[in-house]
file query_20.csv (CSV, C-alpha atoms and all ligand atoms)
chain,number,residue,atom,x,y,z
A,409,MET,CA,-14.4,11.9,1.5
A,410,SER,CA,-13.7,9.0,-0.9
A,411,LEU,CA,-10.2,7.8,-1.6
A,412,LEU,CA,-8.9,6.9,-5.1
A,413,VAL,CA,-6.5,3.9,-5.1
A,414,ILE,CA,-4.5,2.7,-8.0
A,415,GLY,CA,-2.3,-0.4,-7.7
A,416,SER,CA,-1.9,-4.0,-8.6
A,417,ALA,CA,-4.6,-6.7,-8.3
A,418,ALA,CA,-2.7,-10.0,-8.3
A,419,PHE,CA,-2.4,-13.7,-7.9
A,420,ASP,CA,0.0,-14.2,-5.0
A,421,SER,CA,1.8,-17.5,-4.2
A,422,VAL,CA,3.5,-17.4,-0.8
A,423,GLN,CA,5.7,-19.8,1.2
A,424,THR,CA,6.5,-19.2,4.9
A,425,PRO,CA,9.3,-20.7,7.0
A,426,SER,CA,6.8,-22.9,8.9
A,427,GLY,CA,6.4,-24.8,5.5
A,428,GLU,CA,2.9,-23.4,5.0
A,429,LYS,CA,2.1,-22.4,1.4
A,430,ARG,CA,-0.7,-20.7,-0.5
A,431,SER,CA,-1.0,-20.6,-4.3
A,432,LYS,CA,-2.8,-18.1,-6.4
A,433,VAL,CA,-4.6,-16.3,-3.6
A,434,MET,CA,-5.9,-12.8,-3.9
A,435,GLY,CA,-3.2,-10.1,-3.5
A,436,GLY,CA,-1.8,-7.0,-5.1
A,437,SER,CA,-0.8,-3.6,-3.7
A,438,GLY,CA,-4.1,-1.9,-4.9
A,439,VAL,CA,-6.2,-4.7,-3.4
A,440,TYR,CA,-4.6,-4.6,0.0
A,441,ALA,CA,-4.6,-0.8,0.2
A,442,ALA,CA,-8.2,-0.5,-1.0
A,443,TYR,CA,-9.4,-3.2,1.4
A,444,ALA,CA,-7.6,-1.6,4.4
A,445,ALA,CA,-8.9,1.9,3.5
A,446,SER,CA,-12.5,0.7,3.2
A,447,PHE,CA,-12.7,0.3,7.0
A,448,PHE,CA,-12.7,4.1,7.2
A,449,THR,CA,-13.9,5.7,4.0
A,450,PRO,CA,-15.5,4.9,0.6
A,451,VAL,CA,-12.8,3.7,-1.8
A,452,ARG,CA,-12.5,3.8,-5.6
A,453,LEU,CA,-10.1,1.2,-7.0
A,454,VAL,CA,-8.3,1.5,-10.3
A,455,SER,CA,-6.5,-1.7,-11.5
A,456,VAL,CA,-6.2,-4.0,-14.4
A,457,VAL,CA,-6.6,-7.8,-14.4
A,458,GLY,CA,-6.8,-10.6,-17.0
A,459,GLY,CA,-9.7,-12.8,-18.1
A,460,ASP,CA,-8.4,-15.4,-15.5
A,461,TRP,CA,-9.5,-13.1,-12.5
A,462,PRO,CA,-12.0,-15.1,-10.5
A,463,ASP,CA,-15.5,-13.5,-9.9
A,464,GLU,CA,-15.1,-14.7,-6.3
A,465,PHE,CA,-12.2,-12.2,-5.8
A,466,THR,CA,-14.4,-9.4,-7.2
A,467,ARG,CA,-17.2,-10.4,-4.8
A,468,VAL,CA,-14.9,-10.1,-1.7
A,469,LEU,CA,-14.0,-6.5,-2.7
A,470,ALA,CA,-17.6,-5.6,-3.6
A,471,GLN,CA,-18.7,-6.8,-0.1
A,472,ARG,CA,-16.7,-4.0,1.5
A,473,GLN,CA,-18.3,-1.5,-0.8
A,474,ILE,CA,-15.1,-0.9,-2.7
A,475,GLY,CA,-16.0,0.9,-6.0
A,476,LEU,CA,-15.0,-1.4,-8.8
A,477,GLU,CA,-15.9,0.7,-11.9
A,478,GLY,CA,-12.2,1.2,-12.4
A,479,LEU,CA,-11.3,-2.5,-12.1
A,480,GLU,CA,-10.7,-3.3,-15.8
A,481,ILE,CA,-10.8,-6.9,-17.0
A,482,ARG,CA,-8.7,-7.5,-20.2
A,483,PRO,CA,-10.2,-10.8,-21.3
A,484,GLU,CA,-7.4,-11.7,-23.6
A,485,GLY,CA,-4.7,-11.1,-20.9
A,486,GLN,CA,-3.5,-12.8,-17.7
A,487,THR,CA,-3.5,-11.3,-14.3
A,488,PHE,CA,-0.2,-10.0,-12.7
A,489,SER,CA,1.2,-12.7,-10.5
A,490,TRP,CA,3.8,-12.6,-7.7
A,491,THR,CA,5.5,-15.5,-5.9
A,492,GLY,CA,7.5,-14.9,-2.8
A,493,LYS,CA,9.2,-16.8,0.0
A,494,TYR,CA,9.7,-15.4,3.6
A,495,LEU,CA,13.0,-16.0,5.4
A,496,GLU,CA,13.2,-17.2,9.1
A,497,ASN,CA,12.7,-13.7,10.6
A,498,MET,CA,9.4,-13.3,8.6
A,499,ASP,CA,10.5,-9.7,7.7
A,500,ASP,CA,12.8,-10.4,4.8
A,501,ARG,CA,11.5,-12.1,1.7
A,502,GLU,CA,12.7,-13.2,-1.7
A,503,THR,CA,10.7,-12.7,-4.9
A,504,LEU,CA,10.9,-16.1,-6.6
A,505,ASP,CA,8.8,-15.1,-9.7
A,506,MET,CA,6.9,-12.2,-11.0
A,507,GLN,CA,4.8,-12.1,-14.2
A,508,LEU,CA,3.7,-8.6,-15.1
A,509,ASN,CA,1.2,-9.9,-17.7
A,510,VAL,CA,-1.5,-7.2,-18.1
A,511,MET,CA,0.7,-4.8,-16.2
A,512,GLN,CA,3.4,-4.9,-18.8
A,513,GLY,CA,4.9,-1.6,-19.9
A,514,ALA,CA,2.7,1.6,-19.9
A,515,TYR,CA,-0.5,-0.3,-19.3
A,516,ASN,CA,-2.6,2.9,-18.8
A,517,PRO,CA,-5.6,1.8,-16.8
A,518,VAL,CA,-8.9,3.4,-17.4
A,519,VAL,CA,-9.8,6.1,-14.9
A,520,PRO,CA,-13.7,6.4,-14.8
A,521,GLU,CA,-15.0,9.9,-15.3
A,522,SER,CA,-16.7,9.8,-11.9
A,523,TYR,CA,-13.3,9.2,-10.2
A,524,ARG,CA,-11.6,12.2,-11.8
A,525,ASP,CA,-12.5,14.7,-9.1
A,526,SER,CA,-10.9,12.7,-6.2
A,527,GLU,CA,-9.4,14.8,-3.5
A,528,PHE,CA,-7.4,12.0,-1.8
A,529,VAL,CA,-5.3,9.8,-4.0
A,530,PHE,CA,-3.1,6.8,-3.1
A,531,LEU,CA,-0.7,5.5,-5.7
A,532,ALA,CA,0.0,2.0,-4.4
A,533,ASN,CA,3.0,0.0,-5.7
A,534,ASP,CA,2.6,0.1,-9.5
A,535,PRO,CA,4.7,1.3,-12.4
A,536,PRO,CA,5.4,5.1,-11.8
A,537,ALA,CA,4.5,5.7,-15.5
A,538,SER,CA,1.0,4.5,-14.7
A,539,HIS,CA,0.9,6.7,-11.6
A,540,LEU,CA,1.8,9.7,-13.8
A,541,ASP,CA,-0.8,8.7,-16.4
A,542,LEU,CA,-3.5,8.6,-13.7
A,543,LEU,CA,-2.5,12.0,-12.3
A,544,SER,CA,-2.7,13.5,-15.7
A,545,LYS,CA,-6.3,12.3,-16.1
A,546,LEU,CA,-7.6,14.0,-12.9
A,547,LYS,CA,-9.6,17.2,-13.3
A,548,ARG,CA,-7.5,19.1,-10.8
A,549,LYS,CA,-4.6,18.6,-8.4
A,550,PRO,CA,-5.9,16.5,-5.5
A,551,ARG,CA,-5.8,17.8,-1.9
A,552,LEU,CA,-3.4,14.9,-1.0
A,553,THR,CA,-1.5,12.6,-3.3
A,554,VAL,CA,0.7,9.9,-1.7
A,555,ALA,CA,2.6,7.2,-3.5
A,556,ASP,CA,4.4,3.9,-2.5
A,557,THR,CA,7.2,2.4,-4.5
A,558,MET,CA,9.5,-0.6,-4.4
A,559,ASP,CA,13.0,-1.9,-5.4
A,560,PHE,CA,11.7,-3.1,-8.8
A,561,TYR,CA,10.6,0.4,-9.9
A,562,ILE,CA,13.6,2.1,-8.3
A,563,HIS,CA,15.8,-0.1,-10.5
A,564,HIS,CA,13.7,-0.2,-13.7
A,565,GLU,CA,11.9,3.1,-13.9
A,566,PRO,CA,14.2,5.7,-12.2
A,567,ASP,CA,13.3,8.6,-14.5
A,568,ALA,CA,9.5,8.2,-14.2
A,569,LEU,CA,9.9,7.8,-10.4
A,570,ARG,CA,11.9,11.0,-10.2
A,571,GLU,CA,9.1,12.8,-12.1
A,572,LEU,CA,6.5,11.3,-9.9
A,573,LEU,CA,8.3,12.5,-6.7
A,574,ARG,CA,8.0,16.0,-8.0
A,575,GLN,CA,4.2,15.7,-8.3
A,576,ILE,CA,3.2,14.0,-5.0
A,577,ASP,CA,2.8,15.3,-1.5
A,578,GLY,CA,4.0,12.2,0.4
A,579,LEU,CA,6.0,9.0,-0.2
A,580,ILE,CA,5.6,5.8,1.8
A,581,LEU,CA,8.3,3.2,1.4
A,582,ASN,CA,10.3,0.7,3.5
A,583,ASP,CA,13.7,1.2,5.0
A,584,SER,CA,15.6,-0.8,2.4
A,585,GLU,CA,13.9,1.2,-0.4
A,586,THR,CA,15.0,4.5,1.2
A,587,ARG,CA,18.6,3.2,1.1
A,588,LEU,CA,18.2,2.1,-2.5
A,589,LEU,CA,16.7,5.3,-3.7
A,590,THR,CA,19.3,7.5,-2.1
A,591,GLY,CA,22.4,5.4,-1.5
A,592,LEU,CA,22.4,6.5,2.1
A,593,GLN,CA,22.5,3.9,4.9
A,594,ASN,CA,21.0,6.0,7.7
A,595,THR,CA,17.2,5.9,7.1
A,596,ILE,CA,16.6,9.4,8.6
A,597,ALA,CA,19.2,11.0,6.4
A,598,ALA,CA,17.9,9.1,3.4
A,599,ALA,CA,14.3,10.2,4.1
A,600,ARG,CA,15.6,13.8,4.4
A,601,GLN,CA,17.2,13.5,1.0
A,602,ILE,CA,13.9,12.2,-0.4
A,603,LEU,CA,12.2,15.4,0.8
A,604,GLU,CA,14.6,17.3,-1.4
A,605,MET,CA,13.3,15.3,-4.4
A,606,GLY,CA,9.8,16.8,-4.0
A,607,PRO,CA,7.4,15.3,-1.4
A,608,SER,CA,6.6,17.3,1.8
A,609,PHE,CA,6.6,14.1,3.9
A,610,VAL,CA,8.1,10.7,3.8
A,611,VAL,CA,6.8,7.7,5.8
A,612,VAL,CA,9.4,5.0,6.3
A,613,LYS,CA,8.2,1.5,7.3
A,614,LYS,CA,10.6,-0.6,9.3
A,615,GLY,CA,8.8,-3.9,9.7
A,616,GLU,CA,8.7,-5.1,13.3
A,617,ASN,CA,10.6,-1.9,14.3
A,618,GLY,CA,7.6,0.3,13.4
A,619,ALA,CA,7.6,3.4,11.2
A,620,PHE,CA,8.4,7.1,11.2
A,621,CYS,CA,7.1,10.1,9.3
A,622,LEU,CA,9.6,12.9,8.4
A,623,THR,CA,8.6,16.4,7.3
A,624,ARG,CA,10.9,19.4,7.0
A,625,GLU,CA,9.9,20.5,10.5
A,626,ARG,CA,9.5,17.3,12.6
A,627,ILE,CA,9.8,13.6,12.9
A,628,HIS,CA,7.1,11.3,14.4
A,629,LEU,CA,7.9,7.7,15.4
A,630,ILE,CA,5.5,4.8,16.0
A,631,PRO,CA,6.3,1.3,17.1
A,632,ALA,CA,4.9,-1.8,15.5
A,633,PHE,CA,2.0,-3.5,17.3
A,634,PRO,CA,3.6,-6.4,19.1
A,635,SER,CA,2.2,-9.4,17.2
A,636,GLU,CA,3.0,-12.8,18.4
A,637,ARG,CA,1.2,-14.6,15.6
A,638,VAL,CA,2.7,-13.7,12.3
A,639,VAL,CA,1.2,-16.0,9.6
A,640,ASP,CA,2.0,-14.1,6.4
A,641,PRO,CA,3.4,-10.6,6.2
A,642,THR,CA,2.4,-10.1,2.5
A,643,GLY,CA,0.4,-6.9,2.2
A,644,ALA,CA,1.4,-5.4,5.6
A,645,GLY,CA,3.0,-2.3,3.9
A,646,ASP,CA,0.1,-1.9,1.5
A,647,SER,CA,-2.6,-2.2,4.2
A,648,PHE,CA,-0.6,0.2,6.5
A,649,ALA,CA,-0.6,2.7,3.7
A,650,GLY,CA,-4.3,2.1,2.7
A,651,ALA,CA,-5.5,2.5,6.3
A,652,LEU,CA,-3.4,5.7,6.7
A,653,MET,CA,-4.9,7.2,3.6
A,654,GLY,CA,-8.4,5.9,4.5
A,655,THR,CA,-8.2,7.6,7.9
A,656,LEU,CA,-7.0,10.9,6.4
A,657,ALA,CA,-9.7,10.8,3.6
A,658,GLU,CA,-12.4,10.1,6.2
A,659,SER,CA,-11.4,13.2,8.3
A,660,GLY,CA,-10.7,15.3,5.2
A,661,LYS,CA,-7.3,16.3,6.8
A,662,SER,CA,-3.8,16.2,5.5
A,663,ASP,CA,-1.8,18.2,8.1
A,664,PRO,CA,1.3,16.6,9.8
A,665,GLU,CA,-0.6,16.0,13.1
A,666,SER,CA,-3.4,14.1,11.3
A,667,ILE,CA,-0.8,12.1,9.4
A,668,ALA,CA,1.0,11.2,12.7
A,669,SER,CA,-2.2,10.1,14.4
A,670,ALA,CA,-3.4,8.1,11.3
A,671,MET,CA,-0.2,6.1,11.6
A,672,ALA,CA,-1.6,4.4,14.7
A,673,ARG,CA,-4.7,3.1,12.9
A,674,ALA,CA,-2.4,2.1,10.0
A,675,THR,CA,-0.2,0.1,12.4
A,676,VAL,CA,-3.2,-1.7,13.9
A,677,VAL,CA,-4.7,-2.6,10.5
A,678,ALA,CA,-1.3,-3.9,9.3
A,679,SER,CA,-1.1,-6.0,12.5
A,680,TYR,CA,-4.4,-7.8,11.5
A,681,CYS,CA,-3.2,-8.3,7.9
A,682,ILE,CA,-0.2,-10.4,8.9
A,683,GLU,CA,-2.3,-12.7,11.1
A,684,GLY,CA,-3.5,-14.6,8.0
A,685,PHE,CA,-2.7,-15.4,4.4
A,686,SER,CA,-4.0,-13.1,1.7
A,687,LEU,CA,-7.0,-11.1,3.0
A,688,GLU,CA,-8.4,-13.9,5.2
A,689,GLN,CA,-7.9,-12.2,8.6
A,690,LEU,CA,-8.9,-8.7,7.3
A,691,GLU,CA,-12.1,-10.3,6.1
A,692,ARG,CA,-12.9,-11.4,9.7
A,693,VAL,CA,-12.1,-8.0,11.3
A,694,THR,CA,-14.8,-5.4,12.1
A,695,PRO,CA,-14.3,-1.7,12.8
A,696,GLY,CA,-15.0,-2.6,16.5
A,697,HIS,CA,-12.0,-4.9,16.6
A,698,ILE,CA,-9.8,-2.2,15.1
A,699,GLU,CA,-10.9,0.4,17.7
A,700,SER,CA,-10.3,-2.0,20.6
A,701,ARG,CA,-6.9,-3.0,19.4
A,702,LEU,CA,-6.2,0.7,18.9
A,703,ALA,CA,-7.1,1.4,22.5
A,704,ALA,CA,-4.8,-1.4,23.7
A,705,PHE,CA,-2.0,0.0,21.5
A,706,ARG,CA,-2.5,3.5,22.9
A,707,ASN,CA,-2.1,2.2,26.4
A,708,MET,CA,1.2,0.4,25.4
A,709,ILE,CA,2.8,3.5,24.1
A,710,THR,CA,1.7,6.2,26.6
A,711,PHE,CA,4.3,7.4,29.0
B,801,LIG,P1,3.8,-5.7,0.7
B,801,LIG,O1,3.9,-7.0,1.4
B,801,LIG,O2,3.0,-4.7,1.4
B,801,LIG,O3,5.1,-5.1,0.2
B,801,LIG,O4,3.0,-6.0,-0.7
B,801,LIG,C1,3.0,-7.2,-1.4
B,801,LIG,C2,2.0,-7.1,-2.5
B,801,LIG,O5,2.6,-6.4,-3.6
B,801,LIG,C3,1.7,-8.5,-3.1
B,801,LIG,O6,0.3,-8.7,-2.9
B,801,LIG,C4,2.1,-8.4,-4.5
B,801,LIG,O7,1.2,-9.0,-5.4
B,801,LIG,C5,2.3,-7.0,-4.8
B,801,LIG,N1,3.5,-6.7,-5.7
B,801,LIG,C6,4.6,-7.4,-5.7
B,801,LIG,N2,5.5,-6.9,-6.6
B,801,LIG,C7,4.8,-5.9,-7.3
B,801,LIG,C8,5.0,-5.0,-8.4
B,801,LIG,N3,6.2,-5.0,-9.0
B,801,LIG,N4,4.1,-4.1,-8.7
B,801,LIG,C9,2.9,-4.0,-8.1
B,801,LIG,N5,2.6,-4.8,-7.0
B,801,LIG,C10,3.5,-5.8,-6.6

call {"tool": "encode", "arguments": {"input": "query_20.csv", "output": "structure tokens"}}
result
Amino acid sequence: MSLLVIGSAAFDSVQTPSGEKRSKVMGGSGVYAAYAASFFTPVRLVSVVGGDWPDEFTRVLAQRQIGLEGLEIRPEGQTFSWTGKYLENMDDRETLDMQLNVMQGAYNPVVPESYRDSEFVFLANDPPASHLDLLSKLKRKPRLTVADTMDFYIHHEPDALRELLRQIDGLILNDSETRLLTGLQNTIAAARQILEMGPSFVVVKKGENGAFCLTRERIHLIPAFPSERVVDPTGAGDSFAGALMGTLAESGKSDPESIASAMARATVVASYCIEGFSLEQLERVTPGHIESRLAAFRNMITF
């Protein structure tokens, strides 16, 4: 089954503690999520870029058979851009600059008619108002709708985010965001409070400490893949979420057991993402690499 992804397509500029830098490389929550999901299922991307978006970036996405009918180019505008710097631990980062550009305000991306029957929908980091707009354009309620969010939208669009939480099945966010959203320090208690806001499951990503999925009935934990070569963590969360949703869409399943097992593939894909800047390592990876790392990972966590 195909997966509909809405999210940012961006120019990223990144600095890491080793002194390495990249400027205006391809990034964005929608781009990372769509790319990661495309290893498992056909993907339809909805995003908006400016006239400065390079054809080369479009080609990289098209090579993975990502549907780009919903990648709208606004020739008079400029592409969203994000600049960040990682701290020594490679987990925490500082946003040095962010230019919303074409993503300013309620930017209402076009949702092609042929995408409106999607059964699996991933709302990657993007203004919650755009997520709500996209959901209102679908022909019927999808089988599974999952969203991601971040500190910026928790601070700046709290009302739209609350409404979104009432309309989705699952929320994926990182540990600091669960604290910000609820005011609770304990991430399990915070995730439980988020369940009260609407979703039936919450996936909390904890960087090198792995992730957990909480439903009303159970909690499922997964460690991170032990990577020794972290080059650039940008997009790890988005590729985790994209691979999780791609795996579920491929199987057509959305029950808690399927979500729990999809978290293993999500962890493996995220571990590849952080081994290079931008999409460079994911571009080298094949489904065979993913399956063999998954087998190694399974051996590490069996007891
Ligand atoms: P992650 O490392 O998984 O949290 O994702 C980082 C990606 O999110 C980068 O490629 C950024 O371009 C993108 N990003 C950063 N800030 C925003 C924002 N406010 N809205 C949408 N995408 C963003």

call {"tool": "residues_around", "arguments": {"input": "query_20.csv", "residues": "Arg472 (chain A)", "least_positions_apart": "6", "cutoff": "9 Å", "atoms": "all atoms listed in the file", "output": "list in words"}}
result
Tyr443, Ser446 and Phe447 of chain A

call {"tool": "residues_near_ligand", "arguments": {"input": "query_20.csv", "ligand": "ligand LIG 801 (chain B)", "cutoff": "6 Å", "atoms": "all atoms listed in the file", "output": "list in words"}}
result
Ser416, Ala418, Asp420, Gly435, Gly436, Ser437, Trp490, Asn533, Asp534, Phe560, Thr642, Gly643, Ala644, Gly645 and Asp646 of chain A

call {"tool": "residues_around", "arguments": {"input": "query_20.csv", "residues": "Pro641 (chain A)", "least_positions_apart": "6", "cutoff": "8 Å", "atoms": "all atoms listed in the file", "output": "list in words"}}
result
Met498, Asp499, Cys681, Ile682, Glu683 and Phe685 of chain A

call {"tool": "atom_distance", "arguments": {"input": "query_20.csv", "atom1": "CA of Met605 (chain A)", "atom2": "CA of Ile580 (chain A)"}}
result
13.7 Å

call {"tool": "closest_residue", "arguments": {"input": "query_20.csv", "among": "A:Glu691, A:Asp577, A:Asp505, A:Glu616", "to": "Ala555 (chain A)", "atoms": "all atoms listed in the file"}}
result
A:Asp577

call {"tool": "closest_residue", "arguments": {"input": "query_20.csv", "among": "A:Met671, A:Val677, A:Ile627, A:Ala445", "to": "Ser410 (chain A)", "atoms": "only C-alpha atoms"}}
result
A:Ala445

call {"tool": "closest_residue", "arguments": {"input": "query_20.csv", "among": "A:Asp525, A:Glu665, A:Glu565, A:Glu571", "to": "Met409 (chain A)", "atoms": "only C-alpha atoms"}}
result
A:Asp525

call {"tool": "decode", "arguments": {"input": "query_20.csv", "residues": "region 483-498 of chain A", "atoms": "N, CA, C and O atoms", "output": "PDB file, in the first residue's frame"}}
result
ATOM      1  N   PRO A 483       7.821  29.283  -8.061  1.00  0.00           N
ATOM      2  CA  PRO A 483       9.012  29.867  -8.694  1.00  0.00           C
ATOM      3  C   PRO A 483       9.424  31.208  -8.095  1.00  0.00           C
ATOM      4  O   PRO A 483      10.607  31.525  -8.042  1.00  0.00           O
ATOM      5  N   GLU A 484       8.453  31.960  -7.601  1.00  0.00           N
ATOM      6  CA  GLU A 484       8.790  33.286  -7.055  1.00  0.00           C
ATOM      7  C   GLU A 484       9.329  33.198  -5.626  1.00  0.00           C
ATOM      8  O   GLU A 484       9.885  34.174  -5.100  1.00  0.00           O
ATOM      9  N   GLY A 485       9.203  32.041  -4.976  1.00  0.00           N
ATOM     10  CA  GLY A 485       9.590  31.924  -3.565  1.00  0.00           C
ATOM     11  C   GLY A 485      10.947  31.265  -3.378  1.00  0.00           C
ATOM     12  O   GLY A 485      11.585  30.819  -4.340  1.00  0.00           O
ATOM     13  N   GLN A 486      11.380  31.220  -2.118  1.00  0.00           N
ATOM     14  CA  GLN A 486      12.638  30.552  -1.777  1.00  0.00           C
ATOM     15  C   GLN A 486      12.346  29.344  -0.894  1.00  0.00           C
ATOM     16  O   GLN A 486      11.414  29.375  -0.076  1.00  0.00           O
ATOM     17  N   THR A 487      13.160  28.318  -1.037  1.00  0.00           N
ATOM     18  CA  THR A 487      12.985  27.079  -0.283  1.00  0.00           C
ATOM     19  C   THR A 487      13.266  27.299   1.206  1.00  0.00           C
ATOM     20  O   THR A 487      14.180  28.059   1.574  1.00  0.00           O
ATOM     21  N   PHE A 488      12.494  26.593   2.043  1.00  0.00           N
ATOM     22  CA  PHE A 488      12.733  26.580   3.492  1.00  0.00           C
ATOM     23  C   PHE A 488      14.204  26.232   3.754  1.00  0.00           C
ATOM     24  O   PHE A 488      14.757  25.346   3.094  1.00  0.00           O
ATOM     25  N   SER A 489      14.827  26.939   4.699  1.00  0.00           N
ATOM     26  CA  SER A 489      16.216  26.561   4.992  1.00  0.00           C
ATOM     27  C   SER A 489      16.461  26.517   6.502  1.00  0.00           C
ATOM     28  O   SER A 489      15.867  27.289   7.261  1.00  0.00           O
ATOM     29  N   TRP A 490      17.286  25.556   6.894  1.00  0.00           N
ATOM     30  CA  TRP A 490      17.567  25.319   8.319  1.00  0.00           C
ATOM     31  C   TRP A 490      19.085  25.201   8.503  1.00  0.00           C
ATOM     32  O   TRP A 490      19.759  24.539   7.712  1.00  0.00           O
ATOM     33  N   THR A 491      19.594  25.891   9.528  1.00  0.00           N
ATOM     34  CA  THR A 491      21.032  25.797   9.846  1.00  0.00           C
ATOM     35  C   THR A 491      21.180  25.359  11.295  1.00  0.00           C
ATOM     36  O   THR A 491      20.579  25.955  12.196  1.00  0.00           O
ATOM     37  N   GLY A 492      21.940  24.295  11.505  1.00  0.00           N
ATOM     38  CA  GLY A 492      22.094  23.773  12.867  1.00  0.00           C
ATOM     39  C   GLY A 492      23.518  23.367  13.168  1.00  0.00           C
ATOM     40  O   GLY A 492      24.329  23.117  12.262  1.00  0.00           O
ATOM     41  N   LYS A 493      23.782  23.318  14.494  1.00  0.00           N
ATOM     42  CA  LYS A 493      25.124  22.970  14.958  1.00  0.00           C
ATOM     43  C   LYS A 493      24.982  21.899  16.039  1.00  0.00           C
ATOM     44  O   LYS A 493      24.174  22.071  16.970  1.00  0.00           O
ATOM     45  N   TYR A 494      25.711  20.818  15.915  1.00  0.00           N
ATOM     46  CA  TYR A 494      25.650  19.742  16.918  1.00  0.00           C
ATOM     47  C   TYR A 494      26.646  19.993  18.029  1.00  0.00           C
ATOM     48  O   TYR A 494      27.765  20.478  17.794  1.00  0.00           O
ATOM     49  N   LEU A 495      26.243  19.614  19.253  1.00  0.00           N
ATOM     50  CA  LEU A 495      27.137  19.758  20.401  1.00  0.00           C
ATOM     51  C   LEU A 495      28.001  18.501  20.497  1.00  0.00           C
ATOM     52  O   LEU A 495      27.790  17.533  19.767  1.00  0.00           O
ATOM     53  N   GLU A 496      28.972  18.533  21.412  1.00  0.00           N
ATOM     54  CA  GLU A 496      29.962  17.459  21.546  1.00  0.00           C
ATOM     55  C   GLU A 496      29.340  16.062  21.555  1.00  0.00           C
ATOM     56  O   GLU A 496      29.871  15.135  20.950  1.00  0.00           O
ATOM     57  N   ASN A 497      28.195  15.891  22.254  1.00  0.00           N
ATOM     58  CA  ASN A 497      27.613  14.536  22.392  1.00  0.00           C
ATOM     59  C   ASN A 497      26.902  14.067  21.114  1.00  0.00           C
ATOM     60  O   ASN A 497      26.422  12.939  21.056  1.00  0.00           O
ATOM     61  N   MET A 498      26.831  14.901  20.099  1.00  0.00           N
ATOM     62  CA  MET A 498      26.212  14.580  18.796  1.00  0.00           C
ATOM     63  C   MET A 498      24.723  14.251  18.917  1.00  0.00           C
ATOM     64  O   MET A 498      24.131  13.713  17.985  1.00  0.00           O
TER      65      MET A 498
END
